[in-house]
Structure formats: structure tokens, C-alpha cells
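Colleague: Sharing a structure here in C-alpha cells format.
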Amino acid sequence: MKSEPLLSPLIIAIDGPSASGKGTVARKLAAHFGFAHLDTGLLYRAAGTMARAAGVAAEEDAALTAFAEKLDMNALIARLDDPALRGDEAAKLASWVAPNQAVRSALLKFQRDFCAAPPEGKAGAVLDGRDIGTVIAPDAKVKIFITASAEARAQRRFKELQERGQKASYDAVLADMKARDARDAQRVLAPTKPASDAVMLDTTDLDAEQAFAEAVRIAEAKRMLCQP
Ligand code: DC
């Protein structure tokens, strides 16, 4: 007989716009608590890249839906470590496919399964994205919505591009950031918005270590409140 775990995994949901620092905070929190980590943006990046490779054109919504309904999740999972997924092209493709209902449905089960049974038998999972606290894991014990001003986020992104030796102008990065925010926040399905029970964490004036320390404080306080 299969034995059921005594305690269900503890889920930490981290949401927020791009370059808010949520990815770094999520990764560090997972390491701190010994939990599994899933960057859900990578799923959309991989789905977008695969749709484009399959020849789906940007304006073909029906073709994208048909593609998503047959999406090979094993193939998608196999490419999550591809460094190209972290680039700007993959980000654009992700923001193209993310509003599509069939794409979101195709990715939902994997994310829910990750929460129900984190890899390697870990006692919990940290997921970061846009709709973790609202759609993927509405029962998560800890929910943090990480924000920062568009200017601060553009500055971080600009610095990152410069460090990678890529040509960029701060103004162009800021304009792109604002356009992407508007698309993600205004879309009908799973827009970027805090769950009603999320704790807000503004990282505009915080460095990565300070943001992480604050997130640990929030998570510890919530976990304390949630003890059975
Ligand atoms: O966080 P990121 O930059 O890797 O996200 C890429 C795109 O995917 C972005 O346009 C928002 C979208 N996304 C989403 O709709 N839902 C998620 N849970 C994660 C990302």
C-alpha cells in the first residue's frame, strides 16, 4: 500500500513583475529552507520557443491553441536548462504565448504536480511567477508579491545587459519594461496581480541580500502563524 506523507508540502508563492528581484529571492529562499524551486517563467519561455520552432506565427491564435493542446510536456521539461531561455528573444516569445488559455492550461498540471510532490521528496517548494498565489497555488501558506519601481527594475536590467556586453540604452529598456508590465497586468487570464492574502515586498531601495532577508522574515512569520 502506498503511504501518504504526513504533512502536505509547504508552498511559498512568489509573484511580481520582471526584474523585481523575485527570481533571486525565490532561489535563495528555496536554498534556505531546503525546498525545491521552480521558475515558472521558464515554462512560458520554453513553450514560446517551441511554438516558434514549430512554425506558429505571432498572429495565429488558433494555431497557437492547437499547438498548446498537443504540447509535449516531456520535451518542454527537457529544455528548461537551456541558457537561451534566459535571453530577450525567449522573453518576447513567452509574453506572446502567456495570454493564451490553452498554453496556460497545458502548463498548469506540471506546476500543480510540482507543488503536490516537490522533486527529491523535498518538504516544500518555492514557485515564482505571476499567478502562483492567485491561480497555481491559491492555498499556499506563504505568498509574497515583490515589486519595485519601473525605473529601478529597468536600471537592474540595463546593468545586467551591460555586464553581458550587450548594447542597450536605458530609455529603451525602460520603455520595454513598461510595455511588458502593461501587457502582463492587463491581460484577461491570470494577470500579474497580488493575491488578497499576499504580503507586499517593495525592493526599489533594497539590494539582493536585503530583499532576501526581508523575504525570510515574512516567510518565517507566516509559517509561525500557519503551524498546525
Ligand atoms: O518571469 P519571466 O520574465 O521569465 O516571464 C516571462 C513571461 O512569462 C512574462 O511575459 C510573463 C509570463 N509568465 C506568466 O504569464 N505566468 C507565470 N507564472 C510566469 C511567467
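So you can find residues: chains in the C-alpha cells are A, B, ... in the order shown, residues in each start at 1, and ligands are numbered from 1 in order.
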Would you mind listing, for every residue of chain A within 6 Å of ligand 1, the two atoms forming the shortest contact and the distance between them in Å to one decimal, using only C-alpha atoms and all ligand atoms, sorted by chain and ascending residue number, as a tab-separated table?

Modeller:
```
residue	atom	partner	partner_atom_place_in_ligand_line	distance
A:Ser18	CA	ligand 1	3 (O)	5.1
A:Thr40	CA	ligand 1	19 (C)	4.8
A:Gly41	CA	ligand 1	4 (O)	3.5
A:Leu42	CA	ligand 1	4 (O)	5.4
A:Tyr44	CA	ligand 1	8 (O)	5.0
A:Arg45	CA	ligand 1	6 (C)	6.0
A:Ala91	CA	ligand 1	6 (C)	5.1
A:Ala94	CA	ligand 1	7 (C)	4.5
A:Ser95	CA	ligand 1	10 (O)	3.4
A:Ala98	CA	ligand 1	15 (O)	4.6
A:Gly129	CA	ligand 1	18 (N)	3.7
A:Arg130	CA	ligand 1	18 (N)	4.3
A:Asp131	CA	ligand 1	18 (N)	5.0
A:Asp184	CA	ligand 1	10 (O)	6.0
```

Colleague: Taking 6 positions as the minimum chain separation for residues in the same chain, which residues sit within 10 Å of Asp205 of chain A when counting only C-alpha atoms? Answer as a short mmCIF file (atom, residue, chain, number, x, y, z; two decimals) with N, CA, C and O atoms, in the first residue's frame.

Modeller:
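Here's the written file out.cif:
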```cif
data_model
loop_
_atom_site.label_atom_id
_atom_site.label_comp_id
_atom_site.auth_asym_id
_atom_site.auth_seq_id
_atom_site.Cartn_x
_atom_site.Cartn_y
_atom_site.Cartn_z
N ALA A 148 8.95 46.64 -7.48
CA ALA A 148 9.98 47.69 -7.44
C ALA A 148 9.53 48.68 -8.51
O ALA A 148 8.79 48.29 -9.43
N SER A 149 9.96 49.91 -8.41
CA SER A 149 9.55 50.90 -9.41
C SER A 149 10.05 50.46 -10.79
O SER A 149 11.06 49.74 -10.90
N ALA A 152 13.66 51.46 -11.25
CA ALA A 152 14.65 50.62 -10.56
C ALA A 152 14.82 49.29 -11.30
O ALA A 152 15.94 48.78 -11.48
N ALA A 211 16.68 42.18 0.25
CA ALA A 211 15.37 41.67 -0.19
C ALA A 211 15.18 40.24 0.32
O ALA A 211 14.10 39.87 0.80
#
```

Colleague: Please identify the strand (DSSP E) residues within segment 9-117 of chain A (assignment by DSSP from backbone atoms) and present them as a VMD selection string.

Modeller: chain A and resid 10 to 15 36 to 39

Colleague: Mind writing the picked residues with C-alpha atoms as a PDB file, in the first residue's frame?

Modeller:
```
ATOM      1  CA  LEU A  10       4.778  23.808   2.386  1.00  0.00           C
ATOM      2  CA  ILE A  11       4.377  26.087  -0.617  1.00  0.00           C
ATOM      3  CA  ILE A  12       5.888  29.547  -0.897  1.00  0.00           C
ATOM      4  CA  ALA A  13       4.357  31.561  -3.754  1.00  0.00           C
ATOM      5  CA  ILE A  14       6.439  34.448  -5.076  1.00  0.00           C
ATOM      6  CA  ASP A  15       4.851  36.712  -7.680  1.00  0.00           C
ATOM      7  CA  ALA A  36      12.545  22.698  -4.385  1.00  0.00           C
ATOM      8  CA  HIS A  37      12.434  25.754  -6.658  1.00  0.00           C
ATOM      9  CA  LEU A  38      10.513  26.306  -9.891  1.00  0.00           C
ATOM     10  CA  ASP A  39      10.956  29.426 -12.023  1.00  0.00           C
TER      11      ASP A  39
END
```

Colleague: Apply DSSP to the backbone of this structure and, from chain A, keep only the residues in helix (DSSP H, G or I); write these as a PyMOL selection string.

Modeller: chain A and resi 22-33+41-53+61-69+73-78+83-86+88-97+101-116+119-121+132-136+150-163+170-186+208-226

Colleague: Would you list the contacts of Gly23 of chain A as a PyMOL selection string, taking every protein, DNA or RNA residue within 8 Å and counting only C-alpha atoms, but skipping same-chain residues closer than 3 positions in sequence?

Modeller: chain A and resi 26-27+39+128

Colleague: Report, in Å with one decimal, the straight-line distance from atom CA of Leu43 of chain A to atom CA of Arg187 of chain A.

Modeller: 18.2 Å

Colleague: May I ask for the distance between atom CA of Pro9 of chain A and atom CA of Ala123 of chain A, given in Å to one decimal place?

Modeller: 5.1 Å

Colleague: I need the residue nearest Pro99 of chain A from this list: A:Asp176, A:Glu69, A:Asp61, A:Glu209. Use only C-alpha atoms for the distance.

Modeller: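 With only C-alpha atoms as the atom set, the closest residue is A:Asp61.
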
Colleague: Residues of segment 121-209 of chain A that have any atom at most 12 Å from an atom of segment 104-111 of chain A: could you tabulate them with the shortest-distance atom pair and the distance in Å to one decimal, using only C-alpha atoms, ordered by chain and increasing number, as a Markdown table?

Modeller:
```
| residue | atom | partner | partner_atom | distance |
| --- | --- | --- | --- | --- |
| A:Ala125 | CA | A:Gln111 | CA | 10.5 |
| A:Val126 | CA | A:Gln111 | CA | 10.9 |
| A:Leu127 | CA | A:Gln111 | CA | 8.4 |
| A:Asp128 | CA | A:Gln111 | CA | 10.6 |
| A:Gly129 | CA | A:Gln111 | CA | 10.8 |
| A:Arg130 | CA | A:Arg104 | CA | 11.8 |
| A:Asp131 | CA | A:Arg104 | CA | 10.4 |
| A:Ile132 | CA | A:Gln111 | CA | 9.0 |
| A:Val135 | CA | A:Leu108 | CA | 8.9 |
| A:Ile136 | CA | A:Gln111 | CA | 6.8 |
| A:Ala137 | CA | A:Gln111 | CA | 8.7 |
| A:Leu189 | CA | A:Arg104 | CA | 8.6 |
| A:Ala190 | CA | A:Arg104 | CA | 8.8 |
| A:Pro191 | CA | A:Arg104 | CA | 11.7 |
```

Colleague: Taking all heavy atoms for each residue, export the selection above as an mmCIF file, in the first residue's frame.

Modeller:
```cif
data_model
loop_
_atom_site.group_PDB
_atom_site.id
_atom_site.type_symbol
_atom_site.label_atom_id
_atom_site.label_comp_id
_atom_site.auth_asym_id
_atom_site.auth_seq_id
_atom_site.Cartn_x
_atom_site.Cartn_y
_atom_site.Cartn_z
ATOM 1 N N ALA A 125 8.109 23.678 -1.531
ATOM 2 C CA ALA A 125 8.530 24.206 -2.830
ATOM 3 C C ALA A 125 8.322 25.715 -2.865
ATOM 4 O O ALA A 125 7.375 26.237 -2.269
ATOM 5 C CB ALA A 125 7.740 23.546 -3.958
ATOM 6 N N VAL A 126 9.230 26.377 -3.566
ATOM 7 C CA VAL A 126 9.097 27.813 -3.818
ATOM 8 C C VAL A 126 8.874 27.966 -5.314
ATOM 9 O O VAL A 126 9.676 27.487 -6.119
ATOM 10 C CB VAL A 126 10.380 28.579 -3.419
ATOM 11 C CG1 VAL A 126 10.179 30.078 -3.605
ATOM 12 C CG2 VAL A 126 10.794 28.261 -1.989
ATOM 13 N N LEU A 127 7.766 28.571 -5.694
ATOM 14 C CA LEU A 127 7.494 28.816 -7.119
ATOM 15 C C LEU A 127 7.453 30.313 -7.332
ATOM 16 O O LEU A 127 6.860 31.048 -6.518
ATOM 17 C CB LEU A 127 6.146 28.226 -7.541
ATOM 18 C CG LEU A 127 6.091 26.699 -7.714
ATOM 19 C CD1 LEU A 127 5.925 26.018 -6.368
ATOM 20 C CD2 LEU A 127 4.934 26.308 -8.627
ATOM 21 N N ASP A 128 8.090 30.786 -8.403
ATOM 22 C CA ASP A 128 7.982 32.213 -8.693
ATOM 23 C C ASP A 128 7.401 32.426 -10.087
ATOM 24 O O ASP A 128 7.633 31.653 -11.005
ATOM 25 C CB ASP A 128 9.315 32.941 -8.485
ATOM 26 C CG ASP A 128 10.373 32.617 -9.512
ATOM 27 O OD1 ASP A 128 11.091 31.631 -9.342
ATOM 28 O OD2 ASP A 128 10.492 33.380 -10.499
ATOM 29 N N GLY A 129 6.557 33.458 -10.185
ATOM 30 C CA GLY A 129 5.894 33.738 -11.462
ATOM 31 C C GLY A 129 4.996 34.949 -11.358
ATOM 32 O O GLY A 129 5.353 35.966 -10.748
ATOM 33 N N ARG A 130 3.835 34.842 -11.995
ATOM 34 C CA ARG A 130 2.884 35.963 -11.999
ATOM 35 C C ARG A 130 1.570 35.592 -11.322
ATOM 36 O O ARG A 130 0.858 36.459 -10.826
ATOM 37 C CB ARG A 130 2.556 36.381 -13.440
ATOM 38 C CG ARG A 130 3.741 36.744 -14.309
ATOM 39 C CD ARG A 130 4.376 38.025 -13.811
ATOM 40 N NE ARG A 130 5.297 38.603 -14.784
ATOM 41 C CZ ARG A 130 6.500 38.129 -15.053
ATOM 42 N NH1 ARG A 130 6.952 37.062 -14.440
ATOM 43 N NH2 ARG A 130 7.269 38.743 -15.940
ATOM 44 N N ASP A 131 1.225 34.285 -11.366
ATOM 45 C CA ASP A 131 -0.097 33.848 -10.910
ATOM 46 C C ASP A 131 -0.002 32.704 -9.911
ATOM 47 O O ASP A 131 -0.918 31.903 -9.797
ATOM 48 C CB ASP A 131 -0.926 33.393 -12.126
ATOM 49 C CG ASP A 131 -0.280 32.204 -12.845
ATOM 50 O OD1 ASP A 131 0.928 31.965 -12.636
ATOM 51 O OD2 ASP A 131 -0.981 31.509 -13.597
ATOM 52 N N ILE A 132 1.118 32.605 -9.217
ATOM 53 C CA ILE A 132 1.296 31.461 -8.309
ATOM 54 C C ILE A 132 0.315 31.570 -7.134
ATOM 55 O O ILE A 132 -0.408 30.627 -6.820
ATOM 56 C CB ILE A 132 2.760 31.362 -7.785
ATOM 57 C CG1 ILE A 132 3.751 31.419 -8.952
ATOM 58 C CG2 ILE A 132 2.937 30.090 -6.961
ATOM 59 C CD1 ILE A 132 3.556 30.373 -10.011
ATOM 60 N N VAL A 135 -3.583 31.623 -8.862
ATOM 61 C CA VAL A 135 -4.136 30.534 -9.690
ATOM 62 C C VAL A 135 -3.488 29.173 -9.396
ATOM 63 O O VAL A 135 -4.176 28.179 -9.169
ATOM 64 C CB VAL A 135 -3.954 30.855 -11.202
ATOM 65 C CG1 VAL A 135 -4.451 29.711 -12.076
ATOM 66 C CG2 VAL A 135 -4.653 32.158 -11.565
ATOM 67 N N ILE A 136 -2.171 29.135 -9.413
ATOM 68 C CA ILE A 136 -1.470 27.841 -9.308
ATOM 69 C C ILE A 136 -1.580 27.256 -7.901
ATOM 70 O O ILE A 136 -1.902 26.084 -7.735
ATOM 71 C CB ILE A 136 0.040 27.995 -9.685
ATOM 72 C CG1 ILE A 136 0.190 28.597 -11.081
ATOM 73 C CG2 ILE A 136 0.773 26.660 -9.564
ATOM 74 C CD1 ILE A 136 -0.395 27.773 -12.202
ATOM 75 N N ALA A 137 -1.308 28.077 -6.904
ATOM 76 C CA ALA A 137 -1.302 27.576 -5.524
ATOM 77 C C ALA A 137 -2.063 28.549 -4.619
ATOM 78 O O ALA A 137 -1.480 29.178 -3.740
ATOM 79 C CB ALA A 137 0.139 27.400 -5.039
ATOM 80 N N LEU A 189 -6.459 36.699 -18.716
ATOM 81 C CA LEU A 189 -6.153 35.476 -17.974
ATOM 82 C C LEU A 189 -4.954 35.672 -17.063
ATOM 83 O O LEU A 189 -3.903 36.121 -17.524
ATOM 84 C CB LEU A 189 -5.826 34.344 -18.948
ATOM 85 C CG LEU A 189 -6.979 33.825 -19.785
ATOM 86 C CD1 LEU A 189 -6.468 32.825 -20.792
ATOM 87 C CD2 LEU A 189 -8.009 33.181 -18.871
ATOM 88 N N ALA A 190 -5.113 35.321 -15.812
ATOM 89 C CA ALA A 190 -4.012 35.327 -14.854
ATOM 90 C C ALA A 190 -3.110 36.555 -14.971
ATOM 91 O O ALA A 190 -1.909 36.437 -15.163
ATOM 92 C CB ALA A 190 -3.193 34.041 -15.014
ATOM 93 N N PRO A 191 -3.685 37.758 -14.871
ATOM 94 C CA PRO A 191 -2.826 38.944 -14.937
ATOM 95 C C PRO A 191 -1.899 39.019 -13.711
ATOM 96 O O PRO A 191 -2.180 38.380 -12.704
ATOM 97 C CB PRO A 191 -3.835 40.098 -14.918
ATOM 98 C CG PRO A 191 -5.048 39.540 -14.269
ATOM 99 C CD PRO A 191 -5.085 38.081 -14.596
#
```

Colleague: Considering only C-alpha atoms, tabulate each residue of segment 83-145 of chain A that lies at most 12 Å from segment 157-172 of chain A along with its nearest interatomic pair and the corresponding distance in Å to one decimal; arrange the rows by chain and ascending residue number and present them as CSV.

Modeller:
```
residue,atom,partner,partner_atom,distance
A:Arg86,CA,A:Leu161,CA,11.7
A:Gly87,CA,A:Leu161,CA,9.9
A:Asp88,CA,A:Leu161,CA,9.9
```

Colleague: Next, the residues of the selection above should be written as a PDB file, in the first residue's frame with all heavy atoms.

Modeller:
```
ATOM      1  N   ARG A  86      16.962  32.209 -21.095  1.00  0.00           N
ATOM      2  CA  ARG A  86      17.103  33.405 -20.237  1.00  0.00           C
ATOM      3  C   ARG A  86      17.218  34.680 -21.057  1.00  0.00           C
ATOM      4  O   ARG A  86      17.200  35.776 -20.499  1.00  0.00           O
ATOM      5  CB  ARG A  86      18.338  33.269 -19.334  1.00  0.00           C
ATOM      6  CG  ARG A  86      18.408  31.926 -18.645  1.00  0.00           C
ATOM      7  CD  ARG A  86      18.362  32.049 -17.144  1.00  0.00           C
ATOM      8  NE  ARG A  86      18.137  30.750 -16.523  1.00  0.00           N
ATOM      9  CZ  ARG A  86      17.334  30.549 -15.506  1.00  0.00           C
ATOM     10  NH1 ARG A  86      16.658  31.541 -14.987  1.00  0.00           N
ATOM     11  NH2 ARG A  86      17.192  29.355 -14.976  1.00  0.00           N
ATOM     12  N   GLY A  87      17.354  34.555 -22.359  1.00  0.00           N
ATOM     13  CA  GLY A  87      17.575  35.726 -23.210  1.00  0.00           C
ATOM     14  C   GLY A  87      16.308  36.497 -23.556  1.00  0.00           C
ATOM     15  O   GLY A  87      15.197  36.068 -23.244  1.00  0.00           O
ATOM     16  N   ASP A  88      16.518  37.650 -24.219  1.00  0.00           N
ATOM     17  CA  ASP A  88      15.408  38.548 -24.554  1.00  0.00           C
ATOM     18  C   ASP A  88      14.442  37.961 -25.567  1.00  0.00           C
ATOM     19  O   ASP A  88      13.238  38.203 -25.507  1.00  0.00           O
ATOM     20  CB  ASP A  88      15.966  39.857 -25.115  1.00  0.00           C
ATOM     21  CG  ASP A  88      16.276  40.817 -23.994  1.00  0.00           C
ATOM     22  OD1 ASP A  88      15.886  40.508 -22.850  1.00  0.00           O
ATOM     23  OD2 ASP A  88      16.894  41.850 -24.251  1.00  0.00           O
TER      24      ASP A  88
END
```

Colleague: Show which residues sit within 12 Å of Glu89 of chain A, as a ChimeraX atom specification. Count only C-alpha atoms, and ignore same-chain residues fewer than 6 positions away.

Modeller: /A:45-46,48-49,52,83,95-96

Colleague: My list of candidates is A:Val188, A:Ala140, A:Ala175, A:Leu201. Which is closest to Ser20 of chain A when distances are computed with only C-alpha atoms?

Modeller: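 Result for the nearest residue to Ser20 of chain A: A:Leu201.
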
Colleague: Distance atom CA of Thr192 of chain A-atom CA of Ala51 of chain A, one decimal place?

Modeller: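 We find that atom CA of Thr192 of chain A and atom CA of Ala51 of chain A lie 22.7 Å from each other.
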